[in-house]
>>> print(open('my_file-v8.csv').read())   # CSV, C-alpha atoms
chain,number,residue,atom,x,y,z
O,1,ASP,CA,-14.8,-28.8,-4.7
O,2,THR,CA,-17.2,-27.4,-2.0
O,3,GLY,CA,-19.0,-25.0,-4.4
O,4,VAL,CA,-22.3,-25.3,-6.1
O,5,SER,CA,-22.3,-28.1,-8.6
O,6,GLN,CA,-24.7,-28.8,-11.5
O,7,ASP,CA,-25.3,-31.8,-13.6
O,8,PRO,CA,-25.2,-32.2,-16.6
O,9,ARG,CA,-23.0,-29.4,-17.8
O,10,HIS,CA,-24.4,-29.7,-21.3
O,11,LYS,CA,-27.6,-31.1,-22.7
O,12,ILE,CA,-28.8,-31.4,-26.3
O,13,THR,CA,-32.3,-32.6,-26.8
O,14,LYS,CA,-35.0,-32.6,-29.5
O,15,ARG,CA,-38.0,-30.4,-29.3
O,16,GLY,CA,-40.8,-32.1,-27.4
O,17,GLN,CA,-38.5,-34.2,-25.1
O,18,ASN,CA,-38.4,-33.8,-21.4
O,19,VAL,CA,-35.1,-32.9,-19.6
O,20,THR,CA,-34.1,-32.8,-16.0
O,21,PHE,CA,-31.2,-30.9,-14.4
O,22,ARG,CA,-29.7,-31.3,-11.0
O,23,CYS,CA,-28.2,-28.8,-8.6
O,24,ASP,CA,-26.2,-29.5,-5.5
O,25,PRO,CA,-25.8,-26.4,-3.3
O,26,ILE,CA,-23.1,-25.6,-0.9
O,27,SER,CA,-23.4,-27.8,2.1
O,28,GLU,CA,-25.8,-26.4,4.7
O,29,HIS,CA,-27.0,-23.6,2.5
O,30,ASN,CA,-30.7,-23.5,3.1
O,31,ARG,CA,-31.7,-21.2,0.2
O,32,LEU,CA,-31.5,-22.4,-3.4
O,33,TYR,CA,-32.3,-20.4,-6.6
O,34,TRP,CA,-32.7,-21.2,-10.3
O,35,TYR,CA,-31.9,-18.7,-12.9
O,36,ARG,CA,-31.9,-18.8,-16.7
O,37,GLN,CA,-29.4,-16.9,-18.8
O,38,THR,CA,-29.6,-16.4,-22.6
O,39,LEU,CA,-26.8,-15.1,-24.7
O,40,GLY,CA,-26.0,-11.5,-24.1
O,41,GLN,CA,-28.3,-11.2,-21.1
O,42,GLY,CA,-28.1,-11.3,-17.4
O,43,PRO,CA,-29.4,-14.2,-15.3
O,44,GLU,CA,-33.2,-14.1,-15.0
O,45,PHE,CA,-34.8,-15.5,-11.8
O,46,LEU,CA,-37.0,-18.6,-12.2
O,47,THR,CA,-37.7,-19.9,-8.7
O,48,TYR,CA,-36.4,-20.0,-5.1
O,49,PHE,CA,-36.5,-22.6,-2.3
O,50,GLN,CA,-36.0,-22.1,1.4
O,51,ASN,CA,-35.2,-25.6,2.7
O,52,GLU,CA,-37.7,-27.8,0.9
O,53,ALA,CA,-40.3,-25.1,0.4
O,54,GLN,CA,-40.7,-23.4,-3.0
O,55,LEU,CA,-41.4,-19.9,-1.9
O,56,GLU,CA,-41.3,-17.9,-5.1
O,57,LYS,CA,-41.8,-18.5,-8.8
O,58,SER,CA,-41.3,-16.1,-11.6
O,59,ARG,CA,-43.8,-15.6,-14.4
O,60,LEU,CA,-41.1,-17.0,-16.6
O,61,LEU,CA,-41.7,-20.4,-15.0
O,62,SER,CA,-44.4,-21.8,-17.3
O,63,ASP,CA,-46.5,-24.8,-16.6
O,64,ARG,CA,-43.9,-26.9,-18.5
O,65,PHE,CA,-41.3,-26.2,-15.8
O,66,SER,CA,-41.2,-27.8,-12.4
O,67,ALA,CA,-38.7,-27.6,-9.7
O,68,GLU,CA,-38.3,-29.7,-6.5
O,69,ARG,CA,-36.0,-29.8,-3.5
O,70,PRO,CA,-37.4,-32.8,-1.7
O,71,LYS,CA,-35.1,-33.1,1.3
O,72,GLY,CA,-33.9,-29.5,1.4
O,73,SER,CA,-30.6,-30.4,-0.1
O,74,PHE,CA,-30.2,-30.9,-3.9
O,75,SER,CA,-32.7,-29.6,-6.3
O,76,THR,CA,-34.0,-30.7,-9.7
O,77,LEU,CA,-35.4,-28.6,-12.5
O,78,GLU,CA,-37.5,-30.4,-15.1
O,79,ILE,CA,-38.7,-29.0,-18.4
O,80,GLN,CA,-41.4,-30.9,-20.2
O,81,ARG,CA,-42.1,-30.8,-23.9
O,82,THR,CA,-39.1,-28.7,-24.6
O,83,GLU,CA,-39.2,-25.9,-27.1
O,84,GLN,CA,-36.4,-24.2,-29.0
O,85,GLY,CA,-37.0,-21.1,-26.9
O,86,ASP,CA,-35.9,-23.1,-23.8
O,87,SER,CA,-32.4,-23.1,-25.1
O,88,ALA,CA,-30.3,-21.3,-22.5
O,89,MET,CA,-27.9,-21.7,-19.7
O,90,TYR,CA,-29.7,-22.8,-16.5
O,91,LEU,CA,-27.9,-21.5,-13.4
O,92,CYS,CA,-28.3,-22.6,-9.8
O,93,ALA,CA,-27.3,-20.5,-6.9
O,94,SER,CA,-27.4,-21.1,-3.1
O,95,SER,CA,-27.1,-18.9,0.0
O,96,SER,CA,-27.2,-19.2,3.7
O,97,ARG,CA,-29.8,-17.5,5.9
O,98,THR,CA,-27.3,-17.5,8.7
O,99,SER,CA,-25.4,-14.9,6.8
O,100,GLY,CA,-28.1,-12.4,7.6
O,101,VAL,CA,-30.4,-10.5,5.3
O,102,PHE,CA,-27.8,-9.4,2.8
O,103,GLU,CA,-26.6,-12.9,1.9
O,104,THR,CA,-24.3,-13.7,-1.0
O,105,GLN,CA,-25.6,-16.0,-3.7
O,106,TYR,CA,-23.0,-18.4,-5.0
O,107,PHE,CA,-23.6,-19.7,-8.5
O,108,GLY,CA,-22.9,-23.1,-10.0
O,109,PRO,CA,-21.3,-23.6,-13.4
O,110,GLY,CA,-24.7,-23.9,-15.1
O,111,THR,CA,-26.3,-26.4,-17.5
O,112,ARG,CA,-26.3,-25.4,-21.1
O,113,LEU,CA,-29.4,-26.6,-22.8
O,114,LEU,CA,-29.8,-26.7,-26.6
O,115,VAL,CA,-33.1,-27.7,-28.0
O,116,LEU,CA,-33.0,-28.8,-31.7
B,1,GLY,CA,-41.2,-5.6,-10.3
B,2,GLU,CA,-37.7,-4.4,-10.2
B,3,ASN,CA,-36.0,-3.3,-13.4
B,4,VAL,CA,-32.3,-2.9,-13.7
B,5,GLU,CA,-30.7,-1.0,-16.5
B,6,GLN,CA,-26.9,-1.3,-17.1
B,7,HIS,CA,-24.6,0.8,-19.3
B,8,PRO,CA,-22.5,0.6,-21.3
B,9,SER,CA,-23.1,-2.8,-22.9
B,10,THR,CA,-19.4,-2.9,-24.1
B,11,LEU,CA,-16.4,-1.1,-22.8
B,12,SER,CA,-12.8,-1.2,-24.1
B,13,VAL,CA,-10.0,0.4,-22.1
B,14,GLN,CA,-6.2,0.3,-22.1
B,15,GLU,CA,-4.4,-1.5,-19.4
B,16,GLY,CA,-3.9,0.8,-16.4
B,17,ASP,CA,-6.9,3.0,-17.2
B,18,SER,CA,-10.0,3.1,-15.1
B,19,ALA,CA,-13.4,1.5,-16.1
B,20,VAL,CA,-16.8,2.7,-14.9
B,21,ILE,CA,-20.0,0.8,-15.3
B,22,LYS,CA,-23.4,2.3,-14.3
B,23,CYS,CA,-26.7,0.8,-13.3
B,24,THR,CA,-30.1,2.2,-12.4
B,25,TYR,CA,-32.9,0.5,-10.7
B,26,SER,CA,-36.6,1.2,-10.5
B,27,ASP,CA,-37.8,-0.1,-7.1
B,28,SER,CA,-37.0,2.3,-4.2
B,29,ALA,CA,-37.4,-0.7,-1.8
B,30,SER,CA,-34.3,-2.3,-3.2
B,31,ASN,CA,-31.7,-2.7,-0.5
B,32,TYR,CA,-28.9,-4.9,-1.7
B,33,PHE,CA,-26.7,-4.4,-4.8
B,34,PRO,CA,-24.1,-7.0,-5.8
B,35,TRP,CA,-21.8,-7.0,-8.7
B,36,TYR,CA,-20.8,-10.3,-10.5
B,37,LYS,CA,-18.0,-11.0,-12.9
B,38,GLN,CA,-18.5,-13.7,-15.5
B,39,GLU,CA,-15.6,-14.9,-17.6
B,40,LEU,CA,-16.3,-16.8,-20.8
B,41,GLY,CA,-17.8,-20.2,-20.1
B,42,LYS,CA,-17.6,-19.8,-16.3
B,43,ARG,CA,-20.0,-19.1,-13.5
B,44,PRO,CA,-20.9,-15.6,-12.2
B,45,GLN,CA,-18.7,-14.7,-9.3
B,46,LEU,CA,-19.4,-12.0,-6.7
B,47,ILE,CA,-16.7,-9.3,-6.8
B,48,ILE,CA,-18.3,-6.7,-4.5
B,49,ASP,CA,-21.6,-5.7,-3.0
B,50,ILE,CA,-23.2,-2.7,-1.3
B,51,ARG,CA,-26.1,-2.4,1.1
B,52,SER,CA,-28.6,0.4,0.9
B,53,ASN,CA,-27.3,2.0,4.2
B,54,VAL,CA,-23.9,2.6,2.7
B,55,GLY,CA,-22.9,5.1,0.0
B,56,GLU,CA,-19.5,3.7,-1.0
B,57,LYS,CA,-17.5,0.6,-0.6
B,58,LYS,CA,-14.0,-0.2,-1.8
B,59,ASP,CA,-11.9,-3.4,-2.1
B,60,GLN,CA,-8.4,-2.8,-3.5
B,61,ARG,CA,-8.9,-1.7,-7.1
B,62,ILE,CA,-12.7,-2.1,-7.1
B,63,ALA,CA,-15.2,0.3,-5.7
B,64,VAL,CA,-18.9,0.7,-5.8
B,65,THR,CA,-21.0,3.8,-5.1
B,66,LEU,CA,-24.7,4.0,-4.5
B,67,ASN,CA,-27.0,7.0,-4.8
B,68,LYS,CA,-30.4,6.0,-3.3
B,69,THR,CA,-32.1,9.2,-4.2
B,70,ALA,CA,-31.2,8.9,-7.9
B,71,LYS,CA,-31.6,5.1,-7.7
B,72,HIS,CA,-28.3,4.4,-9.4
B,73,PHE,CA,-25.1,2.6,-8.5
B,74,SER,CA,-21.7,2.3,-10.2
B,75,LEU,CA,-18.7,0.0,-10.4
B,76,HIS,CA,-15.3,1.5,-10.6
B,77,ILE,CA,-12.2,-0.5,-11.5
B,78,THR,CA,-8.9,1.3,-11.3
B,79,GLU,CA,-5.6,0.3,-12.8
B,80,THR,CA,-7.2,-2.2,-15.0
B,81,GLN,CA,-5.4,-5.4,-16.0
B,82,PRO,CA,-6.0,-7.8,-18.9
B,83,GLU,CA,-7.4,-10.3,-16.5
B,84,ASP,CA,-10.2,-7.9,-15.6
B,85,SER,CA,-11.6,-8.6,-19.1
B,86,ALA,CA,-15.0,-10.3,-18.6
B,87,VAL,CA,-18.7,-9.6,-18.5
B,88,TYR,CA,-19.8,-7.7,-15.4
B,89,PHE,CA,-23.4,-7.8,-14.1
B,90,CYS,CA,-25.0,-5.5,-11.6
B,91,ALA,CA,-28.0,-6.7,-9.7
B,92,ALA,CA,-30.5,-5.4,-7.2
B,93,ARG,CA,-32.7,-7.1,-4.7
B,94,SER,CA,-36.0,-5.6,-3.6
B,95,ILE,CA,-37.5,-6.4,-0.2
B,96,SER,CA,-40.9,-6.0,-2.0
B,97,ASN,CA,-40.4,-9.5,-3.2
B,98,SER,CA,-41.4,-12.4,-1.0
B,99,GLY,CA,-38.0,-14.0,-1.4
B,100,TYR,CA,-34.5,-13.1,-2.2
B,101,ALA,CA,-34.4,-13.1,-6.0
B,102,LEU,CA,-31.8,-10.9,-7.7
B,103,ASN,CA,-32.7,-8.8,-10.7
B,104,PHE,CA,-29.8,-8.5,-13.0
B,105,GLY,CA,-28.8,-6.0,-15.6
B,106,LYS,CA,-27.9,-7.1,-19.1
B,107,GLY,CA,-24.2,-7.0,-18.5
B,108,THR,CA,-21.2,-5.0,-19.6
B,109,SER,CA,-18.5,-6.7,-21.7
B,110,LEU,CA,-15.2,-5.2,-20.5
B,111,LEU,CA,-12.1,-5.6,-22.7
B,112,VAL,CA,-8.7,-4.5,-21.3
B,113,THR,CA,-6.1,-4.3,-23.9
B,114,PRO,CA,-2.4,-4.5,-23.0
>>> encode(input="my_file-v8.csv", output="structure tokens")
Amino acid sequence: DTGVSQDPRHKITKRGQNVTFRCDPISEHNRLYWYRQTLGQGPEFLTYFQNEAQLEKSRLLSDRFSAERPKGSFSTLEIQRTEQGDSAMYLCASSSRTSGVFETQYFGPGTRLLVL
Amino acid sequence: GENVEQHPSTLSVQEGDSAVIKCTYSDSASNYFPWYKQELGKRPQLIIDIRSNVGEKKDQRIAVTLNKTAKHFSLHITETQPEDSAVYFCAARSISNSGYALNFGKGTSLLVTP
């Protein structure tokens, strides 16, 4: 499968614990995005990388959230001291700058987080 | 920032009928409008998109129209089939942002009954 992959697909954790998610973009896609989707809502933008540089962060990305893309390939999203309100589907997407300005974002299957 | 409104939230049609989903956006600088289809438990998948320099685009049974003056765009699905049942999301991207983030509507749950 050459699409965007995410791991794990499901995560159950207790409030206060830290969790980390991984995203592997489509090979050679230089742009990578994280979105959060709650039930009955559309995806909400969290943050965006171009290569290894984090270029934009949403106000939704509180201090408890941190994202990295150390080598410009895979990315990790860490949530510290999880809260019940963090329960959501965390989606990763990637795109290629070589496609031009109007580039398609391809989504991964998501990581569903449940905070008890 | 950009705000995207989507209507209706649910839509039920009979197989063979047409379905129309409408979205409005707030930022006149938005220039790219994709539509995604999300089946239950699956990832969002792009079905069609339109750029701000185009008024209409068609791909087989799916078409999208854009009215820049009114800041709204619509998805039209003709000859609907049961496999079209899914949640559809519109999105807009504004060049006012420093990046390429998409702003999504809340989705339309489409049910096509045989």
>>> closest_atom_pairs(input="my_file-v8.csv", of="chain B", to="chain O", cutoff="8 Å", atoms="all atoms listed in the file", output="Markdown table")
| residue | atom | partner | partner_atom | distance |
| --- | --- | --- | --- | --- |
| B:Tyr32 | CA | O:Phe102 | CA | 6.5 |
| B:Lys42 | CA | O:Pro109 | CA | 6.0 |
| B:Arg43 | CA | O:Pro109 | CA | 4.7 |
| B:Pro44 | CA | O:Phe107 | CA | 6.1 |
| B:Gln45 | CA | O:Phe107 | CA | 7.0 |
| B:Leu46 | CA | O:Tyr106 | CA | 7.5 |
| B:Arg51 | CA | O:Phe102 | CA | 7.4 |
| B:Phe89 | CA | O:Gly42 | CA | 6.7 |
| B:Ser98 | CA | O:Glu56 | CA | 6.9 |
| B:Gly99 | CA | O:Glu56 | CA | 6.3 |
| B:Tyr100 | CA | O:Tyr48 | CA | 7.7 |
| B:Ala101 | CA | O:Phe45 | CA | 6.3 |
| B:Leu102 | CA | O:Phe45 | CA | 6.9 |
| B:Asn103 | CA | O:Glu44 | CA | 6.8 |
| B:Phe104 | CA | O:Gly42 | CA | 5.5 |
| B:Gly105 | CA | O:Gly42 | CA | 5.6 |
| B:Lys106 | CA | O:Gly42 | CA | 4.5 |
| B:Gly107 | CA | O:Gly42 | CA | 5.9 |
>>> atom_distance(input="my_file-v8.csv", atom1="atom CA of B:Pro34", atom2="atom CA of O:Asn51")
23.3 Å
>>> atom_distance(input="my_file-v8.csv", atom1="atom CA of O:Thr111", atom2="atom CA of O:Gly16")
18.5 Å
>>> atom_distance(input="my_file-v8.csv", atom1="atom CA of O:Leu113", atom2="atom CA of O:Arg64")
15.1 Å
>>> closest_residue(input="my_file-v8.csv", among="B:Asp84, B:Glu15, B:Asp49, B:Glu79", to="B:Thr65", atoms="all atoms listed in the file")
B:Asp49
>>> residues_near_point(input="my_file-v8.csv", point="(-36.6, -36.3, -31.3)", cutoff="12 Å", atoms="only C-alpha atoms", output="mmCIF file with C-alpha atoms, in the frame of the given file")
data_model
loop_
_atom_site.group_PDB
_atom_site.id
_atom_site.type_symbol
_atom_site.label_atom_id
_atom_site.label_comp_id
_atom_site.auth_asym_id
_atom_site.auth_seq_id
_atom_site.Cartn_x
_atom_site.Cartn_y
_atom_site.Cartn_z
ATOM 1 C CA ILE O 12 -28.800 -31.400 -26.300
ATOM 2 C CA THR O 13 -32.300 -32.600 -26.800
ATOM 3 C CA LYS O 14 -35.000 -32.600 -29.500
ATOM 4 C CA ARG O 15 -38.000 -30.400 -29.300
ATOM 5 C CA GLY O 16 -40.800 -32.100 -27.400
ATOM 6 C CA GLN O 17 -38.500 -34.200 -25.100
ATOM 7 C CA ASN O 18 -38.400 -33.800 -21.400
ATOM 8 C CA ARG O 81 -42.100 -30.800 -23.900
ATOM 9 C CA THR O 82 -39.100 -28.700 -24.600
ATOM 10 C CA GLU O 83 -39.200 -25.900 -27.100
ATOM 11 C CA VAL O 115 -33.100 -27.700 -28.000
ATOM 12 C CA LEU O 116 -33.000 -28.800 -31.700
#
>>> residues_around(input="my_file-v8.csv", residues="B:Thr78", least_positions_apart="6", cutoff="7 Å", atoms="all atoms listed in the file", output="list in words")
Asp17, Ser18, Ala19, Arg61 and Ile62 of chain B
>>> write_last_selection(input="my_file-v8.csv", atoms="C-alpha atoms", output="short mmCIF file (atom, residue, chain, number, x, y, z; two decimals), in the frame of the given file")
data_model
loop_
_atom_site.label_atom_id
_atom_site.label_comp_id
_atom_site.auth_asym_id
_atom_site.auth_seq_id
_atom_site.Cartn_x
_atom_site.Cartn_y
_atom_site.Cartn_z
CA ASP B 17 -6.90 3.00 -17.20
CA SER B 18 -10.00 3.10 -15.10
CA ALA B 19 -13.40 1.50 -16.10
CA ARG B 61 -8.90 -1.70 -7.10
CA ILE B 62 -12.70 -2.10 -7.10
#
>>> residues_around(input="my_file-v8.csv", residues="O:Ser73", least_positions_apart="4", cutoff="12 Å", atoms="only C-alpha atoms", output="JSON list (two decimals) with C-alpha atoms, in the coordinates of the input")
[["chain", "number", "residue", "atom", "x", "y", "z"],
["O", 4, "VAL", "CA", -22.30, -25.30, -6.10],
["O", 22, "ARG", "CA", -29.70, -31.30, -11.00],
["O", 23, "CYS", "CA", -28.20, -28.80, -8.60],
["O", 24, "ASP", "CA", -26.20, -29.50, -5.50],
["O", 25, "PRO", "CA", -25.80, -26.40, -3.30],
["O", 26, "ILE", "CA", -23.10, -25.60, -0.90],
["O", 27, "SER", "CA", -23.40, -27.80, 2.10],
["O", 28, "GLU", "CA", -25.80, -26.40, 4.70],
["O", 29, "HIS", "CA", -27.00, -23.60, 2.50],
["O", 30, "ASN", "CA", -30.70, -23.50, 3.10],
["O", 31, "ARG", "CA", -31.70, -21.20, 0.20],
["O", 32, "LEU", "CA", -31.50, -22.40, -3.40],
["O", 49, "PHE", "CA", -36.50, -22.60, -2.30],
["O", 50, "GLN", "CA", -36.00, -22.10, 1.40],
["O", 51, "ASN", "CA", -35.20, -25.60, 2.70],
["O", 52, "GLU", "CA", -37.70, -27.80, 0.90],
["O", 53, "ALA", "CA", -40.30, -25.10, 0.40],
["O", 68, "GLU", "CA", -38.30, -29.70, -6.50],
["O", 69, "ARG", "CA", -36.00, -29.80, -3.50],
["O", 94, "SER", "CA", -27.40, -21.10, -3.10]]
>>> build_atoms(input="my_file-v8.csv", residues="stretch 38-54 of chain B", atoms="N, CA, C and O atoms", output="short mmCIF file (atom, residue, chain, number, x, y, z; two decimals), keeping the file's coordinate frame")
data_model
loop_
_atom_site.label_atom_id
_atom_site.label_comp_id
_atom_site.auth_asym_id
_atom_site.auth_seq_id
_atom_site.Cartn_x
_atom_site.Cartn_y
_atom_site.Cartn_z
N GLN B 38 -18.31 -12.44 -14.79
CA GLN B 38 -18.50 -13.70 -15.50
C GLN B 38 -17.49 -13.83 -16.61
O GLN B 38 -17.61 -13.12 -17.61
N GLU B 39 -16.51 -14.69 -16.47
CA GLU B 39 -15.60 -14.90 -17.60
C GLU B 39 -16.21 -15.95 -18.50
O GLU B 39 -17.11 -16.71 -18.13
N LEU B 40 -15.73 -15.97 -19.72
CA LEU B 40 -16.30 -16.80 -20.80
C LEU B 40 -16.40 -18.25 -20.36
O LEU B 40 -15.39 -18.85 -20.00
N GLY B 41 -17.61 -18.79 -20.38
CA GLY B 41 -17.80 -20.20 -20.10
C GLY B 41 -17.74 -20.54 -18.60
O GLY B 41 -17.76 -21.72 -18.24
N LYS B 42 -17.70 -19.50 -17.74
CA LYS B 42 -17.60 -19.80 -16.30
C LYS B 42 -18.79 -19.22 -15.55
O LYS B 42 -19.62 -18.50 -16.09
N ARG B 43 -18.88 -19.57 -14.28
CA ARG B 43 -20.00 -19.10 -13.50
C ARG B 43 -19.84 -17.67 -13.05
O ARG B 43 -18.72 -17.18 -12.93
N PRO B 44 -20.96 -16.97 -12.81
CA PRO B 44 -20.90 -15.60 -12.20
C PRO B 44 -20.25 -15.68 -10.85
O PRO B 44 -20.63 -16.55 -10.04
N GLN B 45 -19.33 -14.76 -10.57
CA GLN B 45 -18.70 -14.70 -9.30
C GLN B 45 -18.85 -13.32 -8.68
O GLN B 45 -18.57 -12.32 -9.36
N LEU B 46 -19.25 -13.27 -7.42
CA LEU B 46 -19.40 -12.00 -6.70
C LEU B 46 -18.05 -11.31 -6.58
O LEU B 46 -17.08 -11.93 -6.13
N ILE B 47 -17.98 -10.03 -6.95
CA ILE B 47 -16.70 -9.30 -6.80
C ILE B 47 -16.87 -8.23 -5.68
O ILE B 47 -15.90 -7.92 -4.99
N ILE B 48 -18.04 -7.67 -5.52
CA ILE B 48 -18.30 -6.70 -4.50
C ILE B 48 -19.77 -6.47 -4.36
O ILE B 48 -20.52 -6.72 -5.31
N ASP B 49 -20.22 -6.04 -3.19
CA ASP B 49 -21.60 -5.70 -3.00
C ASP B 49 -21.77 -4.52 -2.09
O ASP B 49 -20.83 -4.15 -1.40
N ILE B 50 -22.95 -3.90 -2.13
CA ILE B 50 -23.20 -2.70 -1.30
C ILE B 50 -24.60 -2.80 -0.75
O ILE B 50 -25.51 -3.21 -1.46
N ARG B 51 -24.76 -2.42 0.50
CA ARG B 51 -26.10 -2.40 1.10
C ARG B 51 -26.64 -0.97 1.00
O ARG B 51 -25.90 -0.01 0.85
N SER B 52 -27.94 -0.85 1.17
CA SER B 52 -28.60 0.40 0.90
C SER B 52 -28.25 1.47 2.01
O SER B 52 -28.51 2.66 1.82
N ASN B 53 -27.67 1.05 3.12
CA ASN B 53 -27.30 2.00 4.20
C ASN B 53 -25.90 2.52 4.06
O ASN B 53 -25.40 3.20 4.95
N VAL B 54 -25.26 2.18 2.92
CA VAL B 54 -23.90 2.60 2.70
C VAL B 54 -23.79 3.31 1.36
O VAL B 54 -24.44 2.91 0.39
#
